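Peer 1: Structure file target_13.csv (CSV, C-alpha atoms and all ligand atoms) right here:
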```csv
chain,number,residue,atom,x,y,z
X,177,GLN,CA,-68.9,-20.4,-6.0
X,178,HIS,CA,-68.9,-23.8,-7.6
X,179,LEU,CA,-72.7,-23.8,-7.4
X,180,THR,CA,-72.9,-21.0,-10.1
X,181,ALA,CA,-70.1,-22.5,-12.2
X,182,SER,CA,-72.4,-25.0,-13.9
X,183,ARG,CA,-74.7,-22.2,-15.1
X,184,PRO,CA,-73.2,-20.1,-17.9
X,185,ARG,CA,-73.0,-16.4,-17.0
X,186,ASN,CA,-74.8,-14.0,-19.2
X,187,PRO,CA,-72.4,-11.1,-19.9
X,188,PHE,CA,-75.2,-9.0,-21.2
X,189,GLY,CA,-77.6,-9.4,-18.3
X,190,GLU,CA,-78.8,-6.6,-16.0
X,191,GLY,CA,-76.0,-4.2,-15.2
X,192,THR,CA,-74.0,-4.7,-18.4
X,193,LEU,CA,-72.1,-1.7,-19.7
X,194,THR,CA,-72.6,-2.8,-23.3
X,195,GLN,CA,-75.1,-0.7,-25.3
X,196,ILE,CA,-77.5,-3.2,-26.9
X,197,TYR,CA,-79.6,-2.5,-29.9
X,198,ALA,CA,-82.2,-5.0,-31.1
X,199,VAL,CA,-83.2,-4.2,-34.7
X,200,ALA,CA,-86.8,-4.9,-35.4
X,201,SER,CA,-89.2,-4.7,-38.3
X,202,GLY,CA,-92.9,-5.5,-38.8
X,203,LYS,CA,-92.3,-7.6,-41.9
X,204,GLY,CA,-89.5,-9.1,-44.0
X,205,GLY,CA,-87.8,-7.6,-47.0
X,206,VAL,CA,-87.6,-4.0,-45.6
X,207,GLY,CA,-83.8,-4.1,-45.4
X,208,LYS,CA,-83.5,-4.8,-41.6
X,209,SER,CA,-80.5,-7.2,-42.0
X,210,THR,CA,-78.7,-4.9,-44.5
X,211,ILE,CA,-79.1,-2.0,-42.2
X,212,THR,CA,-78.0,-3.9,-39.1
X,213,ALA,CA,-74.9,-5.1,-40.8
X,214,ASN,CA,-74.0,-1.6,-41.9
X,215,LEU,CA,-74.7,0.0,-38.6
X,216,ALA,CA,-72.4,-2.6,-36.9
X,217,VAL,CA,-69.6,-1.9,-39.3
X,218,GLY,CA,-70.1,1.8,-39.1
X,219,LEU,CA,-69.8,1.7,-35.3
X,220,ALA,CA,-66.7,-0.5,-35.5
X,221,GLU,CA,-65.2,2.0,-38.0
X,222,ARG,CA,-65.6,4.7,-35.3
X,223,GLY,CA,-63.3,2.7,-33.0
X,224,LEU,CA,-66.0,0.9,-30.9
X,225,ALA,CA,-65.8,-2.8,-30.0
X,226,VAL,CA,-68.9,-4.2,-31.7
X,227,GLY,CA,-70.6,-7.5,-31.7
X,228,LEU,CA,-73.5,-8.7,-33.9
X,229,ILE,CA,-75.9,-11.6,-33.3
X,230,ASP,CA,-77.9,-12.8,-36.2
X,231,ALA,CA,-81.1,-13.8,-34.4
X,232,ASP,CA,-83.1,-14.0,-37.6
X,233,ILE,CA,-82.6,-17.8,-37.3
X,234,HIS,CA,-85.0,-18.9,-40.0
X,235,GLY,CA,-83.9,-16.2,-42.4
X,236,PHE,CA,-80.3,-15.6,-41.5
X,237,SER,CA,-78.4,-13.4,-44.0
X,238,ILE,CA,-75.7,-11.6,-42.0
X,239,PRO,CA,-72.7,-13.9,-43.0
X,240,GLY,CA,-73.5,-13.2,-46.7
X,241,LEU,CA,-73.9,-9.5,-46.1
X,242,LEU,CA,-70.5,-9.2,-44.5
X,243,GLY,CA,-68.8,-11.8,-46.8
X,244,ILE,CA,-68.1,-14.2,-43.9
X,245,THR,CA,-67.2,-17.7,-44.9
X,246,ALA,CA,-65.1,-18.5,-41.8
X,247,LYS,CA,-66.7,-20.7,-39.2
X,248,PRO,CA,-66.6,-20.1,-35.4
X,249,THR,CA,-63.8,-21.9,-33.7
X,250,LYS,CA,-63.8,-23.5,-30.2
X,251,VAL,CA,-61.3,-22.7,-27.5
X,252,GLU,CA,-61.9,-24.9,-24.5
X,253,ASP,CA,-65.6,-24.5,-24.0
X,254,LEU,CA,-65.9,-21.0,-25.5
X,255,ILE,CA,-67.0,-20.3,-29.1
X,256,MET,CA,-64.8,-17.7,-30.9
X,257,PRO,CA,-66.8,-15.7,-33.3
X,258,PRO,CA,-65.5,-14.8,-36.8
X,259,VAL,CA,-64.6,-11.1,-37.2
X,260,ALA,CA,-65.5,-9.1,-40.3
X,261,TYR,CA,-64.8,-5.4,-40.8
X,262,GLY,CA,-63.9,-5.2,-37.1
X,263,VAL,CA,-67.3,-6.8,-36.0
X,264,LYS,CA,-67.5,-10.0,-34.1
X,265,VAL,CA,-70.4,-11.9,-35.7
X,266,MET,CA,-72.4,-15.0,-34.7
X,267,SER,CA,-75.1,-16.5,-36.9
X,268,ILE,CA,-76.8,-19.9,-37.1
X,269,GLY,CA,-75.9,-19.8,-40.8
X,270,MET,CA,-72.3,-20.5,-39.7
X,271,PHE,CA,-73.3,-23.9,-38.6
X,272,LEU,CA,-75.3,-24.9,-41.6
X,273,ASP,CA,-75.0,-25.3,-45.3
X,274,SER,CA,-76.3,-22.1,-46.8
X,275,ASP,CA,-79.2,-23.9,-48.6
X,276,GLN,CA,-80.2,-25.9,-45.6
X,277,PRO,CA,-83.5,-24.6,-44.2
X,278,VAL,CA,-84.0,-24.1,-40.4
X,279,ALA,CA,-87.2,-25.6,-39.1
X,280,TRP,CA,-86.9,-25.0,-35.3
X,281,ARG,CA,-89.6,-24.3,-32.8
X,282,GLY,CA,-89.7,-21.7,-30.0
X,283,PRO,CA,-87.7,-23.5,-27.3
X,284,MET,CA,-84.9,-24.4,-29.7
X,285,LEU,CA,-84.7,-20.9,-30.9
X,286,HIS,CA,-84.5,-19.6,-27.4
X,287,ARG,CA,-81.7,-22.1,-26.6
X,288,ALA,CA,-79.8,-21.1,-29.8
X,289,LEU,CA,-80.0,-17.4,-28.9
X,290,GLU,CA,-79.0,-18.2,-25.3
X,291,GLN,CA,-75.9,-20.0,-26.5
X,292,PHE,CA,-75.0,-17.1,-28.7
X,293,VAL,CA,-75.2,-14.9,-25.6
X,294,THR,CA,-73.5,-17.0,-23.0
X,295,ASP,CA,-71.2,-19.5,-24.8
X,296,VAL,CA,-69.5,-17.1,-27.2
X,297,TYR,CA,-66.4,-15.2,-26.3
X,298,TRP,CA,-67.4,-11.6,-27.0
X,299,GLY,CA,-64.9,-9.8,-24.8
X,300,ASP,CA,-65.7,-6.3,-23.6
X,301,LEU,CA,-68.1,-4.9,-26.1
X,302,ASP,CA,-69.1,-1.3,-26.4
X,303,VAL,CA,-72.1,-2.2,-28.6
X,304,LEU,CA,-74.0,-5.3,-29.4
X,305,LEU,CA,-76.5,-5.4,-32.2
X,306,ILE,CA,-79.2,-8.1,-32.6
X,307,ASP,CA,-80.7,-8.7,-36.0
X,308,LEU,CA,-84.2,-9.8,-34.9
X,309,PRO,CA,-86.5,-11.8,-37.2
X,310,PRO,CA,-89.4,-9.8,-38.7
X,311,GLY,CA,-92.5,-9.4,-36.6
X,312,THR,CA,-93.2,-10.1,-32.9
X,313,GLY,CA,-92.6,-13.8,-32.4
X,314,ASP,CA,-90.6,-16.0,-30.0
X,315,ILE,CA,-87.2,-14.5,-30.6
X,316,ALA,CA,-88.3,-11.0,-29.9
X,317,ILE,CA,-89.6,-12.1,-26.5
X,318,SER,CA,-86.5,-14.3,-25.8
X,319,THR,CA,-84.3,-11.3,-26.6
X,320,SER,CA,-86.1,-9.2,-24.1
X,321,GLN,CA,-85.5,-11.9,-21.5
X,322,LEU,CA,-81.9,-12.6,-22.3
X,323,LEU,CA,-80.9,-9.0,-23.0
X,324,PRO,CA,-83.1,-7.0,-20.6
X,325,THR,CA,-81.3,-3.7,-21.3
X,326,ALA,CA,-81.7,-3.9,-25.1
X,327,GLN,CA,-83.2,-0.9,-26.8
X,328,LEU,CA,-85.2,-1.3,-30.0
X,329,LEU,CA,-84.4,0.3,-33.4
X,330,VAL,CA,-87.5,0.0,-35.7
X,331,ILE,CA,-87.0,-0.3,-39.5
X,332,THR,CA,-89.8,0.6,-41.8
X,333,THR,CA,-90.3,1.4,-45.5
X,334,PRO,CA,-92.1,4.6,-46.4
X,335,GLU,CA,-95.3,2.8,-47.3
X,336,HIS,CA,-98.4,3.4,-45.2
X,337,THR,CA,-99.3,-0.2,-44.7
X,338,ALA,CA,-95.7,-1.2,-43.9
X,339,ALA,CA,-95.5,1.6,-41.3
X,340,GLN,CA,-98.6,0.4,-39.6
X,341,VAL,CA,-97.1,-3.1,-39.2
X,342,ALA,CA,-93.7,-1.6,-38.1
X,343,ALA,CA,-95.5,0.5,-35.4
X,344,ARG,CA,-97.1,-2.7,-34.0
X,345,ALA,CA,-93.6,-4.3,-33.8
X,346,GLY,CA,-92.4,-1.2,-31.9
X,347,GLN,CA,-95.4,-1.3,-29.6
X,348,LEU,CA,-94.4,-4.8,-28.4
X,349,SER,CA,-91.8,-2.8,-26.4
X,350,THR,CA,-94.6,-1.8,-23.9
X,351,GLN,CA,-94.9,-5.5,-23.0
X,352,THR,CA,-91.2,-6.2,-22.9
X,353,ASN,CA,-90.3,-2.9,-21.2
X,354,GLN,CA,-87.7,-2.1,-23.8
X,355,PRO,CA,-87.1,1.5,-24.8
X,356,VAL,CA,-87.3,2.4,-28.5
X,357,THR,CA,-84.3,4.4,-29.5
X,358,GLY,CA,-85.6,5.5,-32.8
X,359,VAL,CA,-87.1,4.7,-36.2
X,360,ILE,CA,-85.1,4.2,-39.4
X,361,GLU,CA,-86.9,4.5,-42.8
X,362,ASN,CA,-85.4,2.4,-45.6
X,363,MET,CA,-86.0,2.3,-49.3
X,364,GLY,CA,-87.0,6.0,-49.1
X,365,PRO,CA,-87.2,8.5,-51.9
X,366,MET,CA,-84.3,8.4,-54.3
X,367,ARG,CA,-82.8,11.3,-56.3
X,368,LEU,CA,-82.0,10.6,-60.0
X,369,PRO,CA,-79.0,12.1,-61.7
X,370,ASP,CA,-81.3,14.7,-63.3
X,371,GLY,CA,-82.4,15.9,-59.9
X,372,SER,CA,-85.8,14.4,-59.9
X,373,ILE,CA,-87.1,12.4,-56.9
X,374,VAL,CA,-88.6,8.9,-57.3
X,375,GLU,CA,-90.7,7.6,-54.5
X,376,VAL,CA,-90.9,3.9,-55.4
X,377,PHE,CA,-92.4,3.0,-52.0
X,378,GLY,CA,-94.1,6.3,-51.4
X,379,SER,CA,-93.0,8.6,-48.5
X,380,GLY,CA,-93.7,9.5,-44.9
X,381,GLY,CA,-93.7,6.0,-43.4
X,382,GLY,CA,-90.7,6.7,-41.1
X,383,GLN,CA,-92.3,9.9,-39.8
X,384,ALA,CA,-95.6,8.1,-39.3
X,385,VAL,CA,-94.0,5.3,-37.2
X,386,SER,CA,-92.0,7.9,-35.2
X,387,GLN,CA,-95.1,9.9,-34.4
X,388,ARG,CA,-97.2,6.8,-33.6
X,389,LEU,CA,-94.6,5.3,-31.2
X,390,THR,CA,-94.0,8.7,-29.6
X,391,GLN,CA,-97.7,8.9,-28.9
X,392,VAL,CA,-98.2,5.3,-27.7
X,393,LEU,CA,-95.0,5.2,-25.6
X,394,GLY,CA,-95.4,8.7,-24.2
X,395,LYS,CA,-91.7,9.3,-25.0
X,396,ASP,CA,-89.9,10.9,-27.9
X,397,VAL,CA,-89.1,8.2,-30.5
X,398,PRO,CA,-87.2,10.1,-33.2
X,399,LEU,CA,-86.8,9.3,-36.9
X,400,LEU,CA,-83.1,8.8,-37.1
X,401,GLY,CA,-83.0,9.1,-40.9
X,402,SER,CA,-84.2,7.9,-44.2
X,403,ILE,CA,-82.0,5.7,-46.4
X,404,PRO,CA,-82.9,6.1,-50.0
X,405,LEU,CA,-83.5,3.2,-52.4
X,406,ASP,CA,-80.0,2.9,-53.9
X,407,PRO,CA,-78.8,0.3,-56.3
X,408,VAL,CA,-75.3,0.6,-54.7
X,409,LEU,CA,-76.6,-0.7,-51.4
X,410,ARG,CA,-78.2,-3.7,-53.1
X,411,ALA,CA,-75.1,-4.5,-55.2
X,412,ASP,CA,-72.8,-4.1,-52.1
X,413,SER,CA,-75.1,-6.5,-50.1
X,414,GLU,CA,-74.9,-9.1,-52.9
X,415,VAL,CA,-71.1,-9.2,-52.8
X,416,GLY,CA,-70.9,-8.9,-49.0
X,417,THR,CA,-69.3,-5.4,-48.7
X,418,PRO,CA,-70.8,-2.9,-46.3
X,419,THR,CA,-71.9,0.3,-48.1
X,420,VAL,CA,-71.3,2.3,-45.0
X,421,VAL,CA,-67.5,2.0,-45.6
X,422,THR,CA,-67.0,0.7,-49.1
X,423,SER,CA,-69.4,3.2,-50.7
X,424,ALA,CA,-69.7,5.9,-48.1
X,425,ASP,CA,-70.2,8.6,-50.8
X,426,ALA,CA,-73.2,6.8,-52.3
X,427,PRO,CA,-76.6,8.2,-51.2
X,428,ALA,CA,-77.3,5.2,-49.0
X,429,GLY,CA,-73.8,5.2,-47.6
X,430,GLN,CA,-74.2,8.9,-46.6
X,431,ALA,CA,-77.6,8.3,-45.0
X,432,LEU,CA,-76.2,5.2,-43.1
X,433,ASN,CA,-73.3,7.2,-41.7
X,434,THR,CA,-75.6,10.0,-40.5
X,435,ILE,CA,-77.6,7.4,-38.6
X,436,VAL,CA,-74.4,5.7,-37.1
X,437,ASP,CA,-73.4,9.1,-35.8
X,438,GLN,CA,-76.6,9.3,-33.8
X,439,LEU,CA,-76.2,6.0,-32.0
M,501,LIG,P1,-84.9,-7.9,-44.3
M,501,LIG,O1,-83.8,-8.2,-43.4
M,501,LIG,O2,-85.8,-6.8,-43.8
M,501,LIG,O3,-85.7,-9.1,-44.7
M,501,LIG,P2,-82.8,-7.4,-46.3
M,501,LIG,O4,-81.8,-6.7,-45.5
M,501,LIG,O5,-82.6,-8.9,-46.5
M,501,LIG,O6,-84.3,-7.3,-45.7
M,501,LIG,O7,-83.1,-6.6,-47.7
M,501,LIG,C1,-83.9,-7.1,-48.7
M,501,LIG,C2,-83.4,-6.8,-50.0
M,501,LIG,O8,-83.5,-5.4,-50.3
M,501,LIG,C3,-81.9,-7.2,-50.2
M,501,LIG,O9,-81.8,-7.6,-51.5
M,501,LIG,C4,-81.2,-5.8,-50.1
M,501,LIG,O10,-80.0,-5.8,-50.8
M,501,LIG,C5,-82.2,-4.9,-50.6
M,501,LIG,N1,-82.1,-3.5,-50.1
M,501,LIG,C6,-82.3,-3.2,-48.7
M,501,LIG,N2,-82.2,-1.8,-48.6
M,501,LIG,C7,-82.1,-1.3,-49.8
M,501,LIG,C8,-82.0,0.1,-50.3
M,501,LIG,N3,-82.0,1.1,-49.5
M,501,LIG,N4,-81.8,0.2,-51.6
M,501,LIG,C9,-81.8,-0.9,-52.5
M,501,LIG,N5,-81.9,-2.1,-52.1
M,501,LIG,C10,-82.0,-2.4,-50.8
```
Please express the file's structure as structure tokens.
Peer 2:
Amino acid sequence: QHLTASRPRNPFGEGTLTQIYAVASGKGGVGKSTITANLAVGLAERGLAVGLIDADIHGFSIPGLLGITAKPTKVEDLIMPPVAYGVKVMSIGMFLDSDQPVAWRGPMLHRALEQFVTDVYWGDLDVLLIDLPPGTGDIAISTSQLLPTAQLLVITTPEHTAAQVAARAGQLSTQTNQPVTGVIENMGPMRLPDGSIVEVFGSGGGQAVSQRLTQVLGKDVPLLGSIPLDPVLRADSEVGTPTVVTSADAPAGQALNTIVDQL
């Protein structure tokens, strides 16, 4: 037994009972982190034990989105994650000054993610969400190795070009053997108070990615919902309150809750 003691055990390896969702996007700025934070809080609101790993190491934003200023604490050799809105959260941002850039290379990124998985006291989680960096780089591959049962959620905007890139990110799952749970469209058509609909980023991207991945993977990859462009979501993110609970009646809050109910 002492032979294995020196190697930290991965509580989220093969055979884990925790449902793991890695949230992916083709490019940055599509709202991936905002949605991941809100889905985590929404699931915790429903009584589940939820953890969230901010694996967007170069572009970490989860602490700000959930208003976390607390640092992780150490108890013996375990790291205790801060808790916000019922969600246990780990982010590299908690170890840095917020204006300090992260310039790490692949092996260091892998090691950081590995530590988040094995050295943090997560307890028994029902759900673990991973906010992946945009695209199909090192971390996406490390995630598939460290969290072999993770399923992907793919975020896209309604734009045609964005949808093509998002579909590519989803297709990486054929190489990593990860199932794709579904597609979430963000920054979708918004309804103005006079009832008219404004499509700032066009429409149809979520449907297009869903169809494309269904075709390529040979398995139904549903569109779980479209979150409209909504100034409430942007303002909530800025002050670090999750729309899914603090503005549940706003259009984006309603759409987010509908998606949480499907997970
Ligand atoms: P990513 O993680 O994909 O880089 P972010 O989650 O950081 O994207 O979101 C980018 C910006 O867009 C943030 O300022 C966020 O508040 C804003 N945003 C995201 N989704 C919406 C939306 N549905 N309506 C309005 N603003 C949004």
Peer 1: Would you mind listing what lies within 6 Å of segment 303-312 of chain X as a ChimeraX atom specification, with all atoms listed in the file counted and same-chain residues fewer than 3 positions away left out?
Peer 2: /X:194-204,226-232,316,345
Peer 1: How close does each residue of chain X get to ligand LIG 501 (chain M), giving the shortest atom pair and distance in Å to one decimal for every residue with an atom at most 8 Å away, counting all atoms listed in the file, sorted by chain and residue number, as CSV?
Peer 2:
```
residue,atom,partner,partner_atom,distance
X:Ser201,CA,M:LIG501,O2,6.8
X:Lys203,CA,M:LIG501,O2,6.8
X:Gly204,CA,M:LIG501,O3,3.9
X:Gly205,CA,M:LIG501,O3,3.5
X:Val206,CA,M:LIG501,O2,3.8
X:Gly207,CA,M:LIG501,O6,3.3
X:Lys208,CA,M:LIG501,O2,3.8
X:Ser209,CA,M:LIG501,O1,3.7
X:Thr210,CA,M:LIG501,O4,3.7
X:Ile211,CA,M:LIG501,O4,6.3
X:Thr212,CA,M:LIG501,O4,8.0
X:Gly235,CA,M:LIG501,O3,7.7
X:Ser237,CA,M:LIG501,O5,6.6
X:Pro309,CA,M:LIG501,O1,7.7
X:Pro310,CA,M:LIG501,O2,6.9
X:Ile331,CA,M:LIG501,O2,7.9
X:Asn362,CA,M:LIG501,N3,5.3
X:Met363,CA,M:LIG501,N3,4.2
X:Gly364,CA,M:LIG501,N3,7.0
X:Ile403,CA,M:LIG501,N3,5.5
X:Pro404,CA,M:LIG501,N3,5.1
X:Leu405,CA,M:LIG501,N4,3.5
X:Asp406,CA,M:LIG501,N4,4.0
X:Pro407,CA,M:LIG501,C9,5.0
X:Val408,CA,M:LIG501,C9,7.0
X:Leu409,CA,M:LIG501,N4,5.3
X:Arg410,CA,M:LIG501,O10,3.6
X:Ala411,CA,M:LIG501,O10,6.7
X:Asp412,CA,M:LIG501,O10,7.5
X:Ser413,CA,M:LIG501,O10,5.0
X:Glu414,CA,M:LIG501,O10,6.4
X:Ala428,CA,M:LIG501,N3,6.3
```
Peer 1: Report, in Å with one decimal, the straight-line distance from atom CA of Ser267 of chain X to atom CA of Ile315 of chain X.
Peer 2: 13.8 Å
Peer 1: Please report the interatomic distance between atom CA of Val263 of chain X and atom CA of Thr332 of chain X in Å with one decimal.
Peer 2: 24.4 Å
Peer 1: One decimal, in Å: what's the spacing between atom CA of Thr245 of chain X and atom CA of Val217 of chain X?
Peer 2: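 So the answer is 16.9 Å.
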Peer 1: Ranking X:Met270, X:Leu368, X:Val415, X:Ala225 by minimum distance to Met256 of chain X and counting all atoms listed in the file, which one comes first?
Peer 2: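 Among the listed residues, X:Met270 lies closest to Met256 of chain X.
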Peer 1: Which residue, X:Gly189, X:Gly346, X:Gly269, X:Pro418, has the smallest gap to Val293 of chain X when you use all atoms listed in the file?
Peer 2: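 Smallest separation from Val293 of chain X among the options: X:Gly189.
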Peer 1: With distances taken over all atoms listed in the file, which of X:Asp396, X:Glu221, X:Glu290, X:Asp295 is nearest to Thr249 of chain X?
Peer 2: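 Residue with the minimum atom-to-atom distance to Thr249 of chain X: X:Asp295.
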Peer 1: Under the rule that all atoms listed in the file are counted, which of X:His234, X:Lys247, X:Leu301, X:Tyr261 is the nearest residue to Val420 of chain X?
Peer 2: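 Going through X:His234, X:Lys247, X:Leu301, X:Tyr261 one by one, the smallest distance to Val420 of chain X is for X:Tyr261.
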Peer 1: Could you check the closest approach to Gly401 of chain X for each of X:Leu432, X:Val421, X:Met284, X:Leu389 and tell me which residue wins, using all atoms listed in the file?
Peer 2: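 Smallest separation from Gly401 of chain X among the options: X:Leu432.
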Peer 1: Which one of X:Thr422, X:Gln340, X:Thr333, X:Asn214 sits closest to Glu375 of chain X if you count all atoms listed in the file?
Peer 2: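 The shortest atom-to-atom distance to Glu375 of chain X comes from X:Thr333.
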Peer 1: Padding 8 Å on every side, please: axis-aligned box over the listed atoms of segment 355-360 of chain X, centre and edge lengths to one decimal in Å, as AutoDock Vina command-line options.
Peer 2:
```
--center_x -85.8 --center_y 3.5 --center_z -32.1 --size_x 19.0 --size_y 20.0 --size_z 30.6
```
